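The file upload.pdb comes next; it holds PDB, C-alpha atoms.
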ATOM      1  CA  MET A 290     -36.068 -35.731  89.232
ATOM      2  CA  ALA A 291     -35.107 -37.965  86.263
ATOM      3  CA  GLY A 292     -35.008 -34.905  83.978
ATOM      4  CA  LYS A 293     -32.531 -32.974  86.092
ATOM      5  CA  PRO A 294     -29.615 -31.528  84.046
ATOM      6  CA  VAL A 295     -26.471 -33.621  84.036
ATOM      7  CA  ARG A 296     -23.388 -32.550  85.906
ATOM      8  CA  PRO A 297     -20.036 -34.292  85.369
ATOM      9  CA  VAL A 298     -19.857 -37.731  87.014
ATOM     10  CA  ASN A 299     -16.513 -39.028  88.274
ATOM     11  CA  ALA A 300     -15.913 -42.657  89.287
ATOM     12  CA  ILE A 301     -13.847 -41.773  92.362
ATOM     13  CA  ASP A 302     -16.345 -39.105  93.473
ATOM     14  CA  GLN A 303     -19.166 -41.638  93.056
ATOM     15  CA  THR A 304     -17.311 -44.097  95.304
ATOM     16  CA  ARG A 305     -16.852 -41.396  97.949
ATOM     17  CA  ARG A 306     -20.566 -40.594  97.732
ATOM     18  CA  MET A 307     -21.551 -44.220  98.252
ATOM     19  CA  LEU A 308     -19.292 -44.513 101.287
ATOM     20  CA  SER A 309     -20.944 -41.413 102.741
ATOM     21  CA  LEU A 310     -24.330 -42.863 101.858
ATOM     22  CA  VAL A 311     -23.679 -45.889 104.089
ATOM     23  CA  THR A 312     -23.086 -43.651 107.122
ATOM     24  CA  TYR A 313     -26.052 -41.430 106.238
ATOM     25  CA  LEU A 314     -28.506 -44.341 105.951
ATOM     26  CA  ARG A 315     -27.284 -46.011 109.112
ATOM     27  CA  GLU A 316     -28.217 -42.914 111.099
ATOM     28  CA  ARG A 317     -31.596 -42.455 109.353
ATOM     29  CA  PRO A 318     -33.640 -45.676 109.247
ATOM     30  CA  GLY A 319     -36.593 -45.424 106.868
ATOM     31  CA  ALA A 320     -35.198 -42.301 105.154
ATOM     32  CA  ARG A 321     -37.288 -41.023 102.239
ATOM     33  CA  ILE A 322     -35.744 -41.451  98.800
ATOM     34  CA  GLU A 323     -36.475 -37.875  97.757
ATOM     35  CA  ASP A 324     -34.873 -36.493 100.946
ATOM     36  CA  VAL A 325     -31.698 -38.578 100.536
ATOM     37  CA  ALA A 326     -31.367 -37.663  96.851
ATOM     38  CA  ARG A 327     -31.757 -33.975  97.725
ATOM     39  CA  ALA A 328     -29.170 -34.246 100.524
ATOM     40  CA  PHE A 329     -26.586 -35.731  98.151
ATOM     41  CA  GLY A 330     -27.463 -33.477  95.208
ATOM     42  CA  ILE A 331     -28.307 -36.356  92.868
ATOM     43  CA  THR A 332     -31.415 -37.573  91.064
ATOM     44  CA  GLU A 333     -33.649 -40.257  92.525
ATOM     45  CA  ASP A 334     -32.661 -42.541  89.621
ATOM     46  CA  GLU A 335     -28.975 -42.104  90.512
ATOM     47  CA  LEU A 336     -29.738 -42.883  94.157
ATOM     48  CA  VAL A 337     -31.647 -46.052  93.258
ATOM     49  CA  SER A 338     -28.708 -47.101  91.077
ATOM     50  CA  ASP A 339     -26.399 -46.701  94.098
ATOM     51  CA  LEU A 340     -28.810 -48.734  96.225
ATOM     52  CA  ASP A 341     -28.621 -51.556  93.679
ATOM     53  CA  VAL A 342     -24.841 -51.737  94.225
ATOM     54  CA  LEU A 343     -24.654 -51.398  98.020
ATOM     55  CA  PRO A 344     -26.129 -54.871  98.800
ATOM     56  CA  MET A 345     -23.065 -56.341  97.034
ATOM     57  CA  CYS A 346     -20.767 -54.637  99.575
ATOM     58  CA  GLY A 347     -19.784 -55.721 103.067
ATOM     59  CA  THR A 348     -17.012 -57.078 105.232
ATOM     60  CA  SER A 349     -17.088 -60.461 103.443
ATOM     61  CA  PHE A 350     -19.343 -62.570 101.237
ATOM     62  CA  ARG A 351     -20.479 -64.688 104.159
ATOM     63  CA  GLY A 352     -24.138 -64.621 105.090
ATOM     64  CA  GLY A 353     -25.019 -61.537 107.110
ATOM     65  CA  ASP A 354     -21.817 -59.648 106.275
ATOM     66  CA  LEU A 355     -23.206 -57.990 103.124
ATOM     67  CA  LEU A 356     -25.280 -54.824 103.477
ATOM     68  CA  ASP A 357     -28.969 -55.714 103.632
ATOM     69  CA  ILE A 358     -30.389 -52.500 102.187
ATOM     70  CA  ASP A 359     -33.607 -52.236 100.177
ATOM     71  CA  THR A 360     -36.350 -49.770  99.262
ATOM     72  CA  ASP A 361     -40.098 -49.899  98.798
ATOM     73  CA  GLY A 362     -39.900 -47.130  96.203
ATOM     74  CA  GLU A 363     -40.515 -44.407  98.766
ATOM     75  CA  ARG A 364     -38.309 -45.159 101.758
ATOM     76  CA  ILE A 365     -34.949 -46.888 102.307
ATOM     77  CA  TRP A 366     -34.515 -49.615 104.892
ATOM     78  CA  TRP A 367     -31.263 -51.051 106.256
ATOM     79  CA  HIS A 368     -32.031 -54.346 108.011
ATOM     80  CA  ASN A 369     -28.580 -55.238 109.376
ATOM     81  CA  PRO A 370     -26.703 -52.010 110.250
ATOM     82  CA  ALA A 371     -24.965 -53.836 113.124
ATOM     83  CA  ALA A 372     -23.083 -55.930 110.526
ATOM     84  CA  LEU A 373     -20.630 -53.041 110.161
ATOM     85  CA  GLY A 374     -20.503 -52.171 113.848
ATOM     86  CA  ALA A 375     -17.309 -52.460 115.874
ATOM     87  CA  GLU A 376     -18.904 -55.165 117.987
ATOM     88  CA  ALA A 377     -19.488 -57.346 114.927
ATOM     89  CA  ALA A 378     -16.199 -56.705 113.189
ATOM     90  CA  GLU A 379     -13.469 -59.320 113.169
ATOM     91  CA  PRO A 380      -9.779 -58.697 112.486
ATOM     92  CA  LEU A 381      -9.170 -58.888 108.753
ATOM     93  CA  ARG A 382      -7.072 -61.901 107.798
ATOM     94  CA  LEU A 383      -5.874 -62.262 104.224
ATOM     95  CA  ALA A 384      -4.804 -65.560 102.744
ATOM     96  CA  ALA A 385      -1.551 -65.505 100.775
ATOM     97  CA  ASP A 386      -3.332 -65.513  97.410
ATOM     98  CA  GLU A 387      -5.706 -62.745  98.537
ATOM     99  CA  ALA A 388      -2.824 -60.556  99.740
ATOM    100  CA  THR A 389      -0.917 -61.122  96.492
ATOM    101  CA  ALA A 390      -3.920 -60.238  94.293
ATOM    102  CA  LEU A 391      -4.710 -57.142  96.340
ATOM    103  CA  LEU A 392      -1.145 -55.826  96.329
ATOM    104  CA  VAL A 393      -0.565 -56.453  92.607
ATOM    105  CA  ALA A 394      -3.836 -54.692  91.751
ATOM    106  CA  ALA A 395      -3.075 -51.742  94.051
ATOM    107  CA  ARG A 396       0.382 -51.202  92.577
ATOM    108  CA  ALA A 397      -1.015 -51.407  89.027
ATOM    109  CA  VAL A 398      -3.720 -48.829  89.727
ATOM    110  CA  ALA A 399      -1.157 -46.501  91.302
ATOM    111  CA  THR A 400       0.711 -46.367  87.972
ATOM    112  CA  LEU A 401      -2.310 -45.278  85.930
ATOM    113  CA  PRO A 402      -1.683 -42.034  84.050
ATOM    114  CA  GLY A 403      -4.135 -39.281  84.926
ATOM    115  CA  LEU A 404      -4.689 -40.467  88.502
ATOM    116  CA  ARG A 405      -4.845 -37.495  90.848
ATOM    117  CA  GLU A 406      -1.682 -37.264  92.953
ATOM    118  CA  SER A 407      -3.615 -37.110  96.235
ATOM    119  CA  ASP A 408      -5.435 -40.337  95.339
ATOM    120  CA  ARG A 409      -2.156 -41.964  94.242
ATOM    121  CA  GLN A 410      -0.477 -41.134  97.559
ATOM    122  CA  ALA A 411      -3.481 -42.394  99.544
ATOM    123  CA  LEU A 412      -3.397 -45.653  97.586
ATOM    124  CA  LEU A 413       0.349 -46.090  98.182
ATOM    125  CA  ARG A 414      -0.095 -45.521 101.918
ATOM    126  CA  ALA A 415      -2.843 -48.134 102.030
ATOM    127  CA  THR A 416      -0.670 -50.543 100.017
ATOM    128  CA  ALA A 417       2.175 -50.144 102.501
ATOM    129  CA  LYS A 418      -0.169 -51.009 105.384
ATOM    130  CA  VAL A 419      -1.397 -54.123 103.577
ATOM    131  CA  GLU A 420       2.223 -55.184 102.923
ATOM    132  CA  THR A 421       3.023 -54.851 106.636
ATOM    133  CA  ALA A 422      -0.086 -56.795 107.650
ATOM    134  CA  ALA A 423       0.510 -59.514 105.046
ATOM    135  CA  GLY A 424       4.081 -60.203 106.196
ATOM    136  CA  GLU A 425       5.705 -63.038 104.247
ATOM    137  CA  ALA A 426       2.634 -63.356 102.025
ATOM    138  CA  ALA A 427       3.501 -59.977 100.495
ATOM    139  CA  GLY A 428       6.754 -61.304  99.063
ATOM    140  CA  ALA A 429       5.162 -63.066  96.093
ATOM    141  CA  SER A 430       3.426 -59.881  94.957
ATOM    142  CA  ALA A 431       6.783 -58.135  94.443
ATOM    143  CA  ARG A 432       7.594 -60.626  91.673
ATOM    144  CA  LEU A 433       4.378 -59.908  89.746
ATOM    145  CA  SER A 434       3.280 -56.871  87.766
ATOM    146  CA  VAL A 435       0.303 -55.837  85.666
ATOM    147  CA  THR A 436       0.371 -53.520  82.674
ATOM    148  CA  PHE A 437      -2.907 -51.893  81.658
ATOM    149  CA  GLU A 438      -3.858 -51.764  77.988
ATOM    150  CA  SER A 439      -4.403 -48.378  76.365
ATOM    151  CA  GLU A 440      -8.071 -48.169  77.395
ATOM    152  CA  GLY A 441      -6.979 -47.994  81.045
ATOM    153  CA  GLY A 442      -4.915 -44.889  80.337
ATOM    154  CA  VAL A 443      -7.734 -43.321  78.345
ATOM    155  CA  PHE A 444     -10.156 -44.038  81.204
ATOM    156  CA  ALA A 445      -7.806 -42.390  83.696
ATOM    157  CA  ASP A 446      -7.410 -39.279  81.524
ATOM    158  CA  VAL A 447     -11.157 -38.969  80.977
ATOM    159  CA  ASP A 448     -11.828 -39.527  84.681
ATOM    160  CA  ARG A 449      -9.295 -36.851  85.579
ATOM    161  CA  ALA A 450     -10.693 -34.406  82.993
ATOM    162  CA  ILE A 451     -14.185 -34.851  84.421
ATOM    163  CA  ALA A 452     -12.923 -34.320  87.984
ATOM    164  CA  GLU A 453     -10.931 -31.211  87.030
ATOM    165  CA  ARG A 454     -13.546 -29.955  84.517
ATOM    166  CA  ARG A 455     -11.079 -29.719  81.647
ATOM    167  CA  ARG A 456     -11.532 -30.170  77.919
ATOM    168  CA  LEU A 457     -10.103 -33.147  76.034
ATOM    169  CA  TRP A 458      -8.515 -33.499  72.614
ATOM    170  CA  ILE A 459      -8.898 -36.947  71.050
ATOM    171  CA  ARG A 460      -8.080 -38.803  67.856
ATOM    172  CA  TYR A 461     -11.029 -41.148  67.411
ATOM    173  CA  TYR A 462     -11.560 -44.096  65.077
ATOM    174  CA  SER A 463     -15.015 -44.375  63.497
ATOM    175  CA  PRO A 464     -15.625 -47.853  61.996
ATOM    176  CA  ALA A 465     -18.643 -46.574  60.097
ATOM    177  CA  ARG A 466     -16.400 -44.205  58.087
ATOM    178  CA  ASP A 467     -13.187 -46.201  58.563
ATOM    179  CA  GLU A 468     -11.289 -43.051  59.481
ATOM    180  CA  LEU A 469      -9.554 -41.261  62.318
ATOM    181  CA  SER A 470     -10.829 -37.806  63.225
ATOM    182  CA  GLU A 471      -9.574 -35.153  65.641
ATOM    183  CA  ARG A 472     -12.042 -33.618  68.071
ATOM    184  CA  GLU A 473     -12.192 -31.430  71.145
ATOM    185  CA  ILE A 474     -14.794 -32.624  73.625
ATOM    186  CA  ASP A 475     -16.180 -31.495  76.967
ATOM    187  CA  PRO A 476     -16.638 -34.757  78.912
ATOM    188  CA  ILE A 477     -19.888 -35.194  80.831
ATOM    189  CA  ARG A 478     -19.730 -38.704  82.290
ATOM    190  CA  LEU A 479     -18.305 -42.201  81.900
ATOM    191  CA  VAL A 480     -20.814 -44.975  81.225
ATOM    192  CA  SER A 481     -20.489 -48.726  80.843
ATOM    193  CA  VAL A 482     -22.921 -50.449  78.478
ATOM    194  CA  GLY A 483     -21.107 -53.570  77.316
ATOM    195  CA  HIS A 484     -18.055 -51.353  76.626
ATOM    196  CA  THR A 485     -16.917 -48.197  78.426
ATOM    197  CA  TYR A 486     -17.895 -44.885  76.834
ATOM    198  CA  VAL A 487     -17.500 -41.196  77.557
ATOM    199  CA  GLU A 488     -20.567 -39.102  76.945
ATOM    200  CA  ALA A 489     -19.420 -35.632  75.941
ATOM    201  CA  TRP A 490     -20.235 -32.398  74.150
ATOM    202  CA  CYS A 491     -18.375 -32.500  70.839
ATOM    203  CA  ARG A 492     -17.086 -29.053  69.838
ATOM    204  CA  ARG A 493     -16.722 -30.065  66.186
ATOM    205  CA  SER A 494     -20.328 -31.175  65.693
ATOM    206  CA  GLU A 495     -21.766 -28.888  68.424
ATOM    207  CA  ALA A 496     -23.833 -31.790  69.741
ATOM    208  CA  ARG A 497     -23.762 -34.466  72.408
ATOM    209  CA  ARG A 498     -21.829 -37.537  71.290
ATOM    210  CA  THR A 499     -20.785 -40.848  72.856
ATOM    211  CA  PHE A 500     -17.239 -42.152  72.280
ATOM    212  CA  ARG A 501     -16.061 -45.704  72.973
ATOM    213  CA  LEU A 502     -12.821 -45.630  74.939
ATOM    214  CA  ASP A 503     -11.101 -48.471  73.089
ATOM    215  CA  ARG A 504     -11.514 -46.492  69.850
ATOM    216  CA  VAL A 505      -9.631 -43.474  71.196
ATOM    217  CA  ALA A 506      -6.245 -43.626  69.436
ATOM    218  CA  GLU A 507      -4.758 -40.628  71.258
ATOM    219  CA  ILE A 508      -5.904 -38.341  74.056
ATOM    220  CA  LYS A 509      -4.693 -35.110  75.685
ATOM    221  CA  ILE A 510      -6.065 -33.146  78.624
ATOM    222  CA  LEU A 511      -6.239 -29.483  77.581
ATOM    223  CA  ASP A 512      -5.869 -26.359  79.705
ATOM    224  CA  GLU A 513      -9.233 -25.021  78.506
ATOM    225  CA  PRO A 514     -12.078 -25.506  80.986
ATOM    226  CA  SER A 515     -14.788 -27.986  80.105
ATOM    227  CA  ALA A 516     -18.124 -26.227  79.719
ATOM    228  CA  PRO A 517     -20.748 -28.543  78.226
ATOM    229  CA  PRO A 518     -24.226 -27.034  77.900
ATOM    230  CA  GLU A 519     -26.884 -28.318  80.259
ATOM    231  CA  VAL A 520     -28.341 -31.538  78.861
ATOM    232  CA  GLU A 521     -30.827 -34.006  80.319
ATOM    233  CA  LEU A 522     -29.505 -37.277  81.678
ATOM    234  CA  ARG A 523     -30.337 -40.154  79.346
ATOM    235  CA  ASP A 524     -31.269 -43.550  80.776
ATOM    236  CA  LEU A 525     -28.678 -45.872  79.206
ATOM    237  CA  SER A 526     -29.545 -48.972  81.240
ATOM    238  CA  GLU A 527     -31.017 -50.665  78.163
ATOM    239  CA  GLY A 528     -28.213 -49.639  75.814
ATOM    240  CA  LEU A 529     -26.971 -46.572  73.962
ATOM    241  CA  VAL A 530     -29.609 -46.927  71.256
ATOM    242  CA  GLN A 531     -32.970 -48.436  72.063
ATOM    243  CA  PRO A 532     -35.099 -49.219  68.984
ATOM    244  CA  SER A 533     -38.791 -49.826  69.522
ATOM    245  CA  ALA A 534     -40.463 -53.155  68.744
ATOM    246  CA  GLU A 535     -42.860 -51.186  66.519
ATOM    247  CA  ASP A 536     -40.039 -49.833  64.329
ATOM    248  CA  PRO A 537     -39.769 -51.279  60.801
ATOM    249  CA  GLU A 538     -37.535 -54.326  60.384
ATOM    250  CA  VAL A 539     -34.520 -54.139  58.089
ATOM    251  CA  VAL A 540     -32.299 -57.050  57.008
ATOM    252  CA  VAL A 541     -28.726 -56.333  55.913
ATOM    253  CA  GLU A 542     -26.223 -58.867  54.598
ATOM    254  CA  VAL A 543     -22.550 -57.988  55.019
ATOM    255  CA  GLY A 544     -19.325 -59.664  54.016
ATOM    256  CA  PRO A 545     -16.346 -60.246  56.310
ATOM    257  CA  GLY A 546     -15.288 -56.611  55.893
ATOM    258  CA  GLY A 547     -18.667 -55.389  57.117
ATOM    259  CA  ARG A 548     -18.986 -57.419  60.306
ATOM    260  CA  TRP A 549     -18.429 -54.217  62.296
ATOM    261  CA  VAL A 550     -22.069 -53.308  61.541
ATOM    262  CA  ALA A 551     -23.241 -55.897  64.107
ATOM    263  CA  GLU A 552     -21.059 -54.214  66.720
ATOM    264  CA  TYR A 553     -21.980 -50.664  65.796
ATOM    265  CA  TYR A 554     -25.760 -51.017  65.293
ATOM    266  CA  PRO A 555     -28.191 -52.523  67.864
ATOM    267  CA  HIS A 556     -29.815 -55.552  66.232
ATOM    268  CA  ASP A 557     -32.262 -58.372  66.895
ATOM    269  CA  SER A 558     -30.100 -61.104  65.364
ATOM    270  CA  ALA A 559     -26.843 -61.662  63.472
ATOM    271  CA  ASP A 560     -26.614 -65.006  61.671
ATOM    272  CA  GLU A 561     -23.387 -66.328  60.194
ATOM    273  CA  LEU A 562     -23.127 -66.619  56.393
ATOM    274  CA  PRO A 563     -20.975 -69.213  54.559
ATOM    275  CA  ASP A 564     -18.550 -66.550  53.279
ATOM    276  CA  GLY A 565     -17.726 -65.335  56.781
ATOM    277  CA  GLY A 566     -20.230 -62.486  56.652
ATOM    278  CA  LEU A 567     -23.417 -61.874  58.620
ATOM    279  CA  ARG A 568     -27.138 -61.584  57.958
ATOM    280  CA  ILE A 569     -28.197 -58.861  60.389
ATOM    281  CA  THR A 570     -31.792 -58.107  61.378
ATOM    282  CA  LEU A 571     -32.392 -54.755  63.048
ATOM    283  CA  ARG A 572     -35.100 -52.182  63.650
ATOM    284  CA  THR A 573     -34.993 -48.447  63.054
ATOM    285  CA  PRO A 574     -37.593 -45.651  63.075
ATOM    286  CA  ASP A 575     -35.973 -44.259  59.899
ATOM    287  CA  PRO A 576     -35.114 -47.102  57.477
ATOM    288  CA  ALA A 577     -34.141 -44.584  54.768
ATOM    289  CA  SER A 578     -31.186 -43.528  56.914
ATOM    290  CA  LEU A 579     -29.648 -46.959  56.287
ATOM    291  CA  LYS A 580     -29.096 -46.051  52.637
ATOM    292  CA  ARG A 581     -26.020 -44.175  53.791
ATOM    293  CA  LEU A 582     -24.864 -47.354  55.513
ATOM    294  CA  ALA A 583     -25.289 -49.318  52.270
ATOM    295  CA  LEU A 584     -23.247 -46.728  50.358
ATOM    296  CA  ARG A 585     -20.456 -46.848  52.955
ATOM    297  CA  LEU A 586     -20.383 -50.643  52.828
ATOM    298  CA  GLY A 587     -20.114 -50.762  49.044
ATOM    299  CA  ARG A 588     -19.250 -54.319  48.038
ATOM    300  CA  ASP A 589     -19.062 -55.356  51.711
ATOM    301  CA  GLY A 590     -22.814 -55.275  52.213
ATOM    302  CA  ARG A 591     -26.331 -54.813  50.881
ATOM    303  CA  ILE A 592     -29.857 -54.214  52.151
ATOM    304  CA  VAL A 593     -32.086 -57.253  51.594
ATOM    305  CA  VAL A 594     -35.389 -56.285  53.266
ATOM    306  CA  PRO A 595     -37.580 -54.296  52.736
ATOM    307  CA  ASP A 596     -37.588 -54.469  48.944
ATOM    308  CA  ASP A 597     -38.286 -50.776  48.343
ATOM    309  CA  LEU A 598     -35.371 -49.749  50.553
ATOM    310  CA  ALA A 599     -33.083 -52.277  48.848
ATOM    311  CA  ASP A 600     -34.081 -50.901  45.410
ATOM    312  CA  SER A 601     -33.569 -47.319  46.589
ATOM    313  CA  ALA A 602     -30.111 -48.148  47.941
ATOM    314  CA  ARG A 603     -29.115 -49.804  44.665
ATOM    315  CA  ARG A 604     -30.261 -46.757  42.682
ATOM    316  CA  ALA A 605     -28.332 -44.431  44.977
ATOM    317  CA  ALA A 606     -25.225 -46.585  44.524
ATOM    318  CA  ARG A 607     -25.557 -46.559  40.714
ATOM    319  CA  GLU A 608     -26.048 -42.785  40.673
ATOM    320  CA  ALA A 609     -23.039 -42.248  42.934
ATOM    321  CA  LEU A 610     -20.882 -44.502  40.739
ATOM    322  CA  ALA A 611     -22.057 -42.786  37.561
ATOM    323  CA  ALA A 612     -21.303 -39.345  39.010
ATOM    324  CA  TYR A 613     -17.843 -40.563  40.048
ATOM    325  CA  ASP A 614     -17.175 -41.887  36.543
ATOM    326  CA  GLY A 615     -18.480 -38.652  35.014
ATOM    327  CA  THR A 616     -21.017 -40.511  32.883
ATOM    328  CA  GLY A 617     -24.131 -38.870  34.311
ATOM    329  CA  ALA A 618     -26.855 -40.367  36.481
ATOM    330  CA  ALA A 619     -27.927 -43.891  35.671
ATOM    331  CA  GLY A 620     -31.604 -44.642  35.250
TER     332      GLY A 620
END

Could you render the structure from this file as structure tokens?
Amino acid sequence: MAGKPVRPVNAIDQTRRMLSLVTYLRERPGARIEDVARAFGITEDELVSDLDVLPMCGTSFRGGDLLDIDTDGERIWWHNPAALGAEAAEPLRLAADEATALLVAARAVATLPGLRESDRQALLRATAKVETAAGEAAGASARLSVTFESEGGVFADVDRAIAERRRLWIRYYSPARDELSEREIDPIRLVSVGHTYVEAWCRRSEARRTFRLDRVAEIKILDEPSAPPEVELRDLSEGLVQPSAEDPEVVVEVGPGGRWVAEYYPHDSADELPDGGLRITLRTPDPASLKRLALRLGRDGRIVVPDDLADSARRAAREALAAYDGTGAAG
């Protein structure tokens, strides 16, 4: 099941699925994981991920009000389905601060660009009901507003493109090359691993690529349909890049202008240097590939360990400089 081809994943659709999952499991105590995954058209790994979230949901955070759902790896058990029953439910009462926070957040989300109109209207109707129920407590929320930073708008556009299966055009900043590039991508899914990313098929490189949303300088939803090739779902729970403990160790020292390396490359440690730089220890199955990193860094960084890689990087830098100066390759 884990190797099943990816289909586009949308945050709103995932929420709808999880709401349906609650009803489904309540009516089927002891349901088999493989049967539930097949019924919802998802992988078993995706289902288990949903099951990890559901126990954090409920009518309140008081004992017994959260969903008590678990699995033994084969079947799914819901131990307190009556917690959501009509006989157990109490009228919802919001404190003034709770009503204010809820209303401000709802109004802010309703202004997000890229939000589907049907979802926007449903949110506004729900907001109006909360305002009526909150009474005087709703007054304070009218004096507050929230403005989302650019990443929120990018998220909404990507989410909409995934839902409508449309291609995206983006201007994307790459810190490794310190440049902005234009690309057309077919979005596959949104993922959160420390930051929020869109995994997509990049039409320029004709390969799967992962783009960090806060590095998207500009985005447009195109009329062309999104048609990424079938690719296997990668497990990103441990990070976008997962070096092995058996991979060779490399130590890189960077100046203040090269601190982005610690953000861009997975590493074991990053120790501060007196000049404001970092001494970064990382692992990679292909240490030679870091020569390109050393050349990009120039005076902002150098490879320290292993010695042979450091020597090779220095030679490559001298040869590149000599070729640039037109003096021939240096020995």

- Item | Reference answer for the PyMOL selection byres ((chain A and resi 569) around 8), as a list in words |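 So the PyMOL selection byres ((chain A and resi 569) around 8) ends up selecting Val540, Val541, Glu542, Val543, Ala551, His556, Asp557, Ser558, Ala559, Asp560, Leu567, Arg568, Thr570 and Leu571 of chain A.
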
request  = Taking the file above as input, evaluate the PyMOL selection byres ((chain A and resi 508) around 12) and report the hits as a PyMOL selection string.
outcome  = chain A and resi 402-403+439-447+450+456-461+470-474+502-507+509-511

Distance criterion (all atoms listed in the file): nearest to A:Leu598 out of A:Asp341, A:Glu521, A:Glu538, A:Glu561: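 The answer is A:Glu538, which sits nearest to A:Leu598.
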
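The two atoms in question, atom CA of A:Ala423 and atom CA of A:Val393, are spaced 12.9 Å apart.
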
For this session: Using atom CA of A:Ala489 and atom CA of A:Val342 as the two end points, give the distance in Å to one decimal.
Result: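 We find that atom CA of A:Ala489 and atom CA of A:Val342 lie 25.0 Å from each other.
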
- If I put a ball of radius 9 Å at (-31.2, -52.0, 97.9) in the file's coordinates, which residues poke into it when counting all atoms listed in the file, written as a list of chain:residue names? A:Val337, A:Ser338, A:Asp339, A:Leu340, A:Asp341, A:Val342, A:Leu343, A:Pro344, A:Leu356, A:Asp357, A:Ile358, A:Asp359, A:Thr360, A:Ile365, A:Trp366, A:Trp367
